[in-house]
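S.K.: The structure's right below; bear with me while I get my questions together.
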Amino acid sequence: MHHQEPARHTSAAIRPETTPLYMSSVYTFPNLDEVRAYYSDPASAYVYRRNGNPNTAQVEKIISRLEATEDSVLTSSGMAAISAGCFALLHPGDALIATEVLYGGTYAFFEQVLRPWGVEVTYADVNDPASLEAAYGPTTRMIYAETVANPLLQVTDLETVSGFAKAHDCLLMVDNTFATPSLTKPYSYGTDLVVNSLTKYLNGHSDVIGGSVSGSQQVIAKVRKFVETFGGVLSPFDAWMTERGLETFHIRVRQQCENAMQLARALQNHQAVHKVYYPGLDAHETHEVAKRILQGGFGAMVSFDLAGGEPAANAFVASCQHVDFAPSLGGVRTTLSHPALTSHRAFTSEERLRLGITDGVIRMSVGIEPFSEIWEDISQALSRASL
Ligand SMILES: Cc1ncc(COP(=O)(O)O)c(C=O)c1O
């Protein structure tokens, strides 16, 4: 019988245009010399999916190019990226200064996991050096910020916070999920760890949960080691889906930003709306910072506070016909969420009110539909919310 190369082994004759999907959990070796060679240079081959996979490696390269960093590591979710960055670089006894307006899941991680683990967490206005100075102490080792904060969209002055971190010998970790590397690259401002939830704009189709940490080779080597050991790696299928989503990343974000700007302007003139939060509006508290830090658009998230509070928010959500209530963001379809009930439920109501997150705040993730379609649905729902 003729010996045939098993189909599972790749052939040079097959040259696909798109990246093949490698689901194998383990890789084979023809002899012990090759096994030994792998362990002396792990970048030379693949051995076990948790330690690396061609699909995740491919997306790591793309994210590194987008974020203009030396390297990146993918994780099983955005939260896994944030927690990996913290666990890999902080130790019990260290202190962390975090921005006071941030994603509720990150706040829950800081308060319910990192603090009990032994890291002291303090909060500051990261755009204000005096506030950072007040939060700083001898054990402060890291500062944590979001480029565009969830949900009221304050833009972080990366020059200020990075200058403070460098002067105080602290690491800086920045969550770039809301801004995306299409609008700003925090590494170019001196950020040590840039984290992204791939779940949102980078994949962009609401069908993947994933995360990434990007930075220098030295920093990422530490985070990668943690991710491989702790085990929260991204599945090859989710990496493959993300690679496909990334093909349209810039064009999606451009269209979403244009729609968001139009929506913010239209909402500003609506009597049912008490206040609009969008960094592209002159009235936004960080508009001047946004003009410096964001290039090519002001983001695709728009939040607004309904004059009628929670009853109006309820009527608005119930009246939307095409815009779904979906507590995530960054997909191609316009969706809405209610931060007080979802992303920011880990905060007490007093904390939320202090931060301006009232029960009337609606957070929109603006999609790529023609703007007229979005506004048609929103405006009819707003008229019901003001009855
Ligand atoms: C700003 C921000 N960062 C991180 C995350 C967490 O990402 P994931 O849901 O992929 O864990 C979210 C989720 O909503 C987010 O809004």
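In the structure tokens, chains take letters A, B, ... by order of appearance, with residues numbered from 1 within each chain and ligands from 1 in the order shown.
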When the cut-off is 7 Å and you count only C-alpha atoms and all ligand atoms, which residues lie near ligand 1, shown as a list in words?

M.R.: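 The residues near ligand 1 are Ser77, Gly78, Met79, Ala80, Tyr103, Gly105, Thr106, Glu146, Ala149, Asn150, Asp175, Thr177, Phe178, Asn196, Ser197, Leu198, Thr199, Ile209, Gly210, Gly211, Ser328 and Ser343 of chain A.
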
S.K.: Running DSSP on the backbone, which parts of segment 29-145 of chain A land in alpha helix (DSSP H), as a compact mmCIF listing (two decimals) with all heavy atoms, in the first residue's frame?

M.R.:
# COMPACT_ATOMS: atom_id res chain seq x y z
N LEU A 32 12.57 13.01 19.16
CA LEU A 32 12.89 13.70 20.41
C LEU A 32 13.80 14.91 20.17
O LEU A 32 13.77 15.87 20.94
CB LEU A 32 13.54 12.74 21.40
CG LEU A 32 12.62 11.61 21.91
CD1 LEU A 32 13.32 10.80 23.00
CD2 LEU A 32 11.30 12.16 22.43
N ASP A 33 14.61 14.85 19.10
CA ASP A 33 15.48 16.02 18.81
C ASP A 33 14.62 17.26 18.58
O ASP A 33 14.95 18.36 19.01
CB ASP A 33 16.33 15.75 17.56
CG ASP A 33 17.38 14.68 17.84
OD1 ASP A 33 17.68 14.48 19.04
OD2 ASP A 33 17.83 14.04 16.88
N GLU A 34 13.49 17.07 17.86
CA GLU A 34 12.60 18.21 17.58
C GLU A 34 11.91 18.69 18.86
O GLU A 34 11.65 19.87 19.01
CB GLU A 34 11.55 17.83 16.53
CG GLU A 34 12.15 17.37 15.23
CD GLU A 34 12.14 18.44 14.15
OE1 GLU A 34 11.34 19.37 14.25
OE2 GLU A 34 12.96 18.32 13.22
N VAL A 35 11.63 17.76 19.74
CA VAL A 35 11.02 18.15 21.03
C VAL A 35 12.02 19.03 21.79
O VAL A 35 11.68 20.10 22.31
CB VAL A 35 10.66 16.91 21.87
CG1 VAL A 35 10.11 17.32 23.24
CG2 VAL A 35 9.65 16.04 21.15
N ARG A 36 13.28 18.55 21.82
CA ARG A 36 14.34 19.30 22.51
C ARG A 36 14.51 20.68 21.87
O ARG A 36 14.62 21.70 22.56
CB ARG A 36 15.65 18.50 22.44
CG ARG A 36 16.54 18.74 23.62
CD ARG A 36 17.68 17.73 23.71
NE ARG A 36 17.37 16.57 24.51
CZ ARG A 36 17.34 15.31 24.07
NH1 ARG A 36 17.62 15.04 22.81
NH2 ARG A 36 17.05 14.32 24.87
N ALA A 37 14.48 20.71 20.53
CA ALA A 37 14.66 21.99 19.80
C ALA A 37 13.54 22.96 20.16
O ALA A 37 13.76 24.16 20.35
CB ALA A 37 14.66 21.73 18.29
N TYR A 38 12.32 22.42 20.29
CA TYR A 38 11.19 23.29 20.67
C TYR A 38 11.45 23.94 22.03
O TYR A 38 11.27 25.15 22.19
CB TYR A 38 9.86 22.50 20.72
CG TYR A 38 8.79 23.29 21.43
CD1 TYR A 38 8.12 24.33 20.78
CD2 TYR A 38 8.50 23.05 22.78
CE1 TYR A 38 7.19 25.10 21.44
CE2 TYR A 38 7.55 23.82 23.45
CZ TYR A 38 6.90 24.84 22.78
OH TYR A 38 5.98 25.61 23.43
N TYR A 39 11.88 23.13 23.00
CA TYR A 39 12.03 23.72 24.34
C TYR A 39 13.21 24.69 24.41
O TYR A 39 13.20 25.59 25.27
CB TYR A 39 12.12 22.62 25.41
CG TYR A 39 10.73 22.08 25.71
CD1 TYR A 39 10.30 20.86 25.21
CD2 TYR A 39 9.82 22.86 26.43
CE1 TYR A 39 9.01 20.40 25.44
CE2 TYR A 39 8.53 22.41 26.66
CZ TYR A 39 8.11 21.18 26.17
OH TYR A 39 6.84 20.75 26.39
N SER A 40 14.19 24.56 23.50
CA SER A 40 15.27 25.56 23.55
C SER A 40 14.86 26.83 22.78
O SER A 40 15.41 27.89 23.00
CB SER A 40 16.59 24.98 23.04
OG SER A 40 16.42 24.60 21.69
N PRO A 54 -1.43 29.01 15.91
CA PRO A 54 -1.21 29.89 14.75
C PRO A 54 -2.27 31.00 14.62
O PRO A 54 -1.94 32.10 14.21
CB PRO A 54 -1.28 28.93 13.56
CG PRO A 54 -0.97 27.59 14.12
CD PRO A 54 -1.48 27.58 15.52
N ASN A 55 -3.53 30.71 14.98
CA ASN A 55 -4.57 31.74 14.83
C ASN A 55 -4.41 32.85 15.86
O ASN A 55 -4.56 34.03 15.54
CB ASN A 55 -5.96 31.11 14.93
CG ASN A 55 -6.20 30.13 13.81
OD1 ASN A 55 -6.08 28.92 14.00
ND2 ASN A 55 -6.48 30.64 12.62
N THR A 56 -4.10 32.47 17.11
CA THR A 56 -3.92 33.53 18.11
C THR A 56 -2.65 34.31 17.80
O THR A 56 -2.63 35.54 17.93
CB THR A 56 -3.89 32.95 19.55
OG1 THR A 56 -2.94 31.90 19.61
CG2 THR A 56 -5.23 32.43 19.97
N ALA A 57 -1.59 33.61 17.32
CA ALA A 57 -0.34 34.31 16.99
C ALA A 57 -0.57 35.33 15.88
O ALA A 57 -0.04 36.45 15.92
CB ALA A 57 0.72 33.30 16.56
N GLN A 58 -1.40 34.96 14.92
CA GLN A 58 -1.70 35.86 13.80
C GLN A 58 -2.41 37.13 14.29
O GLN A 58 -2.06 38.25 13.92
CB GLN A 58 -2.59 35.09 12.80
CG GLN A 58 -3.16 35.89 11.67
CD GLN A 58 -2.12 36.13 10.58
OE1 GLN A 58 -0.95 35.76 10.72
NE2 GLN A 58 -2.54 36.77 9.51
N VAL A 59 -3.41 36.95 15.17
CA VAL A 59 -4.16 38.12 15.67
C VAL A 59 -3.27 38.95 16.61
O VAL A 59 -3.35 40.18 16.63
CB VAL A 59 -5.48 37.67 16.33
CG1 VAL A 59 -6.20 38.84 16.99
CG2 VAL A 59 -6.38 37.03 15.29
N GLU A 60 -2.39 38.29 17.34
CA GLU A 60 -1.45 39.04 18.20
C GLU A 60 -0.62 39.99 17.34
O GLU A 60 -0.37 41.14 17.71
CB GLU A 60 -0.54 38.09 18.98
CG GLU A 60 -1.28 37.46 20.17
CD GLU A 60 -0.54 36.30 20.81
OE1 GLU A 60 0.57 35.94 20.35
OE2 GLU A 60 -1.07 35.76 21.81
N LYS A 61 -0.19 39.51 16.16
CA LYS A 61 0.62 40.36 15.26
C LYS A 61 -0.22 41.56 14.78
O LYS A 61 0.26 42.68 14.73
CB LYS A 61 1.07 39.56 14.03
CG LYS A 61 2.27 38.71 14.28
CD LYS A 61 2.97 38.37 12.95
CE LYS A 61 3.83 37.16 13.12
NZ LYS A 61 3.21 35.89 12.76
N ILE A 62 -1.48 41.29 14.43
CA ILE A 62 -2.32 42.38 13.90
C ILE A 62 -2.58 43.42 15.00
O ILE A 62 -2.48 44.62 14.76
CB ILE A 62 -3.67 41.83 13.36
CG1 ILE A 62 -3.40 40.83 12.23
CG2 ILE A 62 -4.56 42.96 12.87
CD1 ILE A 62 -4.64 40.06 11.76
N ILE A 63 -2.88 42.94 16.22
CA ILE A 63 -3.16 43.90 17.31
C ILE A 63 -1.89 44.71 17.62
O ILE A 63 -1.96 45.92 17.85
CB ILE A 63 -3.64 43.17 18.60
CG1 ILE A 63 -4.86 42.28 18.32
CG2 ILE A 63 -3.90 44.15 19.74
CD1 ILE A 63 -6.18 42.94 18.27
N SER A 64 -0.73 44.06 17.60
CA SER A 64 0.53 44.78 17.86
C SER A 64 0.75 45.86 16.80
O SER A 64 1.18 46.96 17.11
CB SER A 64 1.73 43.83 17.85
OG SER A 64 1.58 42.87 18.86
N ARG A 65 0.42 45.53 15.56
CA ARG A 65 0.58 46.53 14.49
C ARG A 65 -0.40 47.69 14.72
O ARG A 65 -0.04 48.85 14.66
CB ARG A 65 0.33 45.87 13.13
CG ARG A 65 0.55 46.81 11.96
CD ARG A 65 0.70 46.06 10.63
NE ARG A 65 -0.25 44.98 10.41
CZ ARG A 65 -1.54 45.16 10.09
NH1 ARG A 65 -2.03 46.38 9.97
NH2 ARG A 65 -2.33 44.12 9.90
N LEU A 66 -1.65 47.36 15.07
CA LEU A 66 -2.66 48.41 15.29
C LEU A 66 -2.29 49.29 16.48
O LEU A 66 -2.45 50.51 16.43
CB LEU A 66 -4.04 47.78 15.56
CG LEU A 66 -4.76 47.16 14.37
CD1 LEU A 66 -5.98 46.38 14.83
CD2 LEU A 66 -5.18 48.24 13.38
N GLU A 67 -1.81 48.68 17.55
CA GLU A 67 -1.48 49.46 18.76
C GLU A 67 -0.05 50.01 18.70
O GLU A 67 0.37 50.71 19.62
CB GLU A 67 -1.66 48.60 20.03
CG GLU A 67 -3.11 48.32 20.41
CD GLU A 67 -3.84 49.57 20.94
OE1 GLU A 67 -3.28 50.68 20.92
OE2 GLU A 67 -5.01 49.42 21.36
N GLY A 78 -11.89 40.37 27.77
CA GLY A 78 -11.26 41.64 28.14
C GLY A 78 -10.90 41.64 29.62
O GLY A 78 -9.83 42.11 30.02
N MET A 79 -11.77 41.08 30.46
CA MET A 79 -11.48 41.03 31.91
C MET A 79 -10.27 40.16 32.18
O MET A 79 -9.48 40.45 33.09
CB MET A 79 -12.70 40.51 32.69
CG MET A 79 -13.80 41.53 32.91
SD MET A 79 -13.26 43.18 33.39
CE MET A 79 -12.28 42.86 34.85
N ALA A 80 -10.11 39.07 31.40
CA ALA A 80 -8.92 38.22 31.58
C ALA A 80 -7.66 39.00 31.22
O ALA A 80 -6.59 38.77 31.81
CB ALA A 80 -9.03 36.95 30.74
N ALA A 81 -7.77 39.93 30.25
CA ALA A 81 -6.61 40.75 29.87
C ALA A 81 -6.25 41.71 31.02
O ALA A 81 -5.08 41.84 31.39
CB ALA A 81 -6.92 41.53 28.60
N ILE A 82 -7.28 42.37 31.57
CA ILE A 82 -7.04 43.33 32.64
C ILE A 82 -6.47 42.61 33.87
O ILE A 82 -5.47 43.04 34.47
CB ILE A 82 -8.36 44.07 32.99
CG1 ILE A 82 -8.76 44.95 31.79
CG2 ILE A 82 -8.22 44.89 34.27
CD1 ILE A 82 -10.20 45.44 31.83
N SER A 83 -7.09 41.48 34.23
CA SER A 83 -6.61 40.77 35.43
C SER A 83 -5.23 40.19 35.20
O SER A 83 -4.37 40.22 36.09
CB SER A 83 -7.62 39.72 35.90
OG SER A 83 -7.97 38.88 34.83
N ALA A 84 -4.94 39.70 33.97
CA ALA A 84 -3.60 39.16 33.70
C ALA A 84 -2.54 40.25 33.84
O ALA A 84 -1.48 40.02 34.43
CB ALA A 84 -3.55 38.54 32.30
N GLY A 85 -2.84 41.44 33.30
CA GLY A 85 -1.88 42.55 33.41
C GLY A 85 -1.59 42.87 34.86
O GLY A 85 -0.44 43.10 35.26
N CYS A 86 -2.64 42.87 35.69
CA CYS A 86 -2.46 43.20 37.12
C CYS A 86 -1.71 42.08 37.85
O CYS A 86 -0.74 42.34 38.57
CB CYS A 86 -3.82 43.42 37.78
SG CYS A 86 -4.61 44.95 37.24
N PHE A 87 -2.14 40.84 37.65
CA PHE A 87 -1.51 39.73 38.39
C PHE A 87 -0.05 39.53 37.96
O PHE A 87 0.79 39.13 38.75
CB PHE A 87 -2.29 38.42 38.21
CG PHE A 87 -3.54 38.36 39.03
CD1 PHE A 87 -4.75 37.97 38.46
CD2 PHE A 87 -3.53 38.65 40.39
CE1 PHE A 87 -5.91 37.90 39.20
CE2 PHE A 87 -4.69 38.58 41.15
CZ PHE A 87 -5.87 38.21 40.55
N ALA A 88 0.21 39.79 36.67
CA ALA A 88 1.58 39.54 36.18
C ALA A 88 2.55 40.60 36.71
O ALA A 88 3.75 40.32 36.83
CB ALA A 88 1.59 39.54 34.66
N LEU A 89 2.06 41.81 36.99
CA LEU A 89 3.01 42.89 37.31
C LEU A 89 2.86 43.48 38.70
O LEU A 89 3.69 44.28 39.11
CB LEU A 89 2.89 43.98 36.25
CG LEU A 89 3.41 43.47 34.89
CD1 LEU A 89 2.81 44.20 33.73
CD2 LEU A 89 4.92 43.54 34.84
N GLY A 104 -17.64 48.94 35.23
CA GLY A 104 -18.03 48.33 36.50
C GLY A 104 -17.39 46.98 36.75
O GLY A 104 -17.08 46.62 37.89
N GLY A 105 -17.14 46.20 35.67
CA GLY A 105 -16.51 44.89 35.83
C GLY A 105 -15.08 45.04 36.32
O GLY A 105 -14.59 44.24 37.13
N THR A 106 -14.41 46.07 35.84
CA THR A 106 -13.02 46.32 36.27
C THR A 106 -13.03 46.79 37.73
O THR A 106 -12.20 46.36 38.54
CB THR A 106 -12.38 47.41 35.37
OG1 THR A 106 -12.58 47.03 34.02
CG2 THR A 106 -10.90 47.53 35.65
N TYR A 107 -13.99 47.64 38.05
CA TYR A 107 -14.12 48.11 39.44
C TYR A 107 -14.37 46.91 40.36
O TYR A 107 -13.76 46.78 41.43
CB TYR A 107 -15.28 49.11 39.50
CG TYR A 107 -15.60 49.62 40.89
CD1 TYR A 107 -14.75 50.50 41.53
CD2 TYR A 107 -16.75 49.20 41.55
CE1 TYR A 107 -15.04 50.96 42.81
CE2 TYR A 107 -17.05 49.67 42.81
CZ TYR A 107 -16.20 50.54 43.44
OH TYR A 107 -16.49 50.99 44.69
N ALA A 108 -15.25 46.00 39.92
CA ALA A 108 -15.54 44.80 40.74
C ALA A 108 -14.27 43.96 40.89
O ALA A 108 -13.99 43.44 41.99
CB ALA A 108 -16.65 43.97 40.09
N PHE A 109 -13.48 43.83 39.83
CA PHE A 109 -12.22 43.07 39.93
C PHE A 109 -11.28 43.73 40.93
O PHE A 109 -10.68 43.05 41.79
CB PHE A 109 -11.56 42.96 38.54
CG PHE A 109 -10.13 42.49 38.61
CD1 PHE A 109 -9.83 41.19 39.02
CD2 PHE A 109 -9.09 43.35 38.31
CE1 PHE A 109 -8.50 40.76 39.11
CE2 PHE A 109 -7.77 42.93 38.40
CZ PHE A 109 -7.47 41.63 38.81
N ARG A 115 -8.05 43.79 45.74
CA ARG A 115 -7.87 44.31 47.11
C ARG A 115 -7.74 43.16 48.12
O ARG A 115 -6.78 43.14 48.89
CB ARG A 115 -9.04 45.25 47.47
CG ARG A 115 -8.79 46.06 48.72
CD ARG A 115 -10.04 46.84 49.15
NE ARG A 115 -10.39 47.95 48.28
CZ ARG A 115 -9.76 49.12 48.28
NH1 ARG A 115 -8.74 49.33 49.07
NH2 ARG A 115 -10.16 50.09 47.48
N PRO A 116 -8.66 42.16 48.11
CA PRO A 116 -8.49 41.03 49.04
C PRO A 116 -7.17 40.28 48.82
O PRO A 116 -6.62 39.68 49.75
CB PRO A 116 -9.68 40.11 48.75
CG PRO A 116 -10.69 40.97 48.12
CD PRO A 116 -9.95 42.04 47.39
N TRP A 117 -6.62 40.31 47.61
CA TRP A 117 -5.34 39.65 47.30
C TRP A 117 -4.17 40.40 47.94
O TRP A 117 -3.07 39.88 48.07
CB TRP A 117 -5.17 39.58 45.77
CG TRP A 117 -4.02 38.76 45.27
CD1 TRP A 117 -3.76 37.45 45.52
CD2 TRP A 117 -2.97 39.21 44.41
NE1 TRP A 117 -2.62 37.06 44.87
CE2 TRP A 117 -2.12 38.12 44.17
CE3 TRP A 117 -2.67 40.44 43.79
CZ2 TRP A 117 -0.98 38.21 43.36
CZ3 TRP A 117 -1.56 40.52 42.98
CH2 TRP A 117 -0.72 39.41 42.78
N PRO A 129 -3.17 66.19 37.97
CA PRO A 129 -1.96 65.78 38.69
C PRO A 129 -2.09 65.90 40.21
O PRO A 129 -1.53 65.08 40.94
CB PRO A 129 -0.88 66.71 38.14
CG PRO A 129 -1.40 67.18 36.82
CD PRO A 129 -2.89 67.20 36.94
N ALA A 130 -2.86 66.91 40.68
CA ALA A 130 -3.00 67.09 42.15
C ALA A 130 -3.76 65.90 42.74
O ALA A 130 -3.42 65.41 43.82
CB ALA A 130 -3.73 68.40 42.45
N SER A 131 -4.78 65.43 42.01
CA SER A 131 -5.56 64.28 42.49
C SER A 131 -4.69 63.02 42.46
O SER A 131 -4.72 62.20 43.40
CB SER A 131 -6.80 64.12 41.60
OG SER A 131 -7.49 62.95 41.90
N LEU A 132 -3.87 62.87 41.41
CA LEU A 132 -2.95 61.71 41.35
C LEU A 132 -1.95 61.78 42.50
O LEU A 132 -1.67 60.77 43.16
CB LEU A 132 -2.20 61.71 40.00
CG LEU A 132 -3.00 61.25 38.78
CD1 LEU A 132 -2.26 61.59 37.49
CD2 LEU A 132 -3.26 59.74 38.85
N GLU A 133 -1.44 62.97 42.75
CA GLU A 133 -0.44 63.16 43.83
C GLU A 133 -1.07 62.78 45.17
O GLU A 133 -0.42 62.11 45.99
CB GLU A 133 0.00 64.63 43.84
CG GLU A 133 1.32 64.91 44.52
CD GLU A 133 2.54 64.29 43.83
OE1 GLU A 133 2.83 64.64 42.67
OE2 GLU A 133 3.17 63.41 44.47
N ALA A 134 -2.34 63.16 45.38
CA ALA A 134 -3.01 62.86 46.65
C ALA A 134 -3.19 61.35 46.82
O ALA A 134 -3.16 60.82 47.94
CB ALA A 134 -4.35 63.57 46.72
N ALA A 135 -3.39 60.64 45.71
CA ALA A 135 -3.62 59.18 45.78
C ALA A 135 -2.30 58.40 45.85
O ALA A 135 -2.28 57.23 46.22
CB ALA A 135 -4.41 58.73 44.55

S.K.: Counting only C-alpha atoms, figure out which residue out of A:Val26, A:Cys257, A:Leu267, A:Ala346 gets nearest to Phe110 of chain A.

M.R.: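 Ranking A:Val26, A:Cys257, A:Leu267, A:Ala346 by distance to Phe110 of chain A, first place goes to A:Ala346.
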
S.K.: Select, from A:Asp71, A:Asp238, A:Glu243, A:Asp305, the residue with the minimum atom-to-atom distance to Gln268 of chain A, counting only C-alpha atoms.

M.R.: A:Asp305

S.K.: What is the distance, in Å and to one decimal place, between atom CA of Gln321 of chain A and atom CA of Val276 of chain A?

M.R.: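 Computing it gives 21.7 Å between the two atoms.
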
S.K.: Which residue out of A:Ala340, A:Val253, A:Ala167, A:Val208 has the minimum interatomic distance to Gln295 of chain A when only C-alpha atoms are used?

M.R.: A:Val253
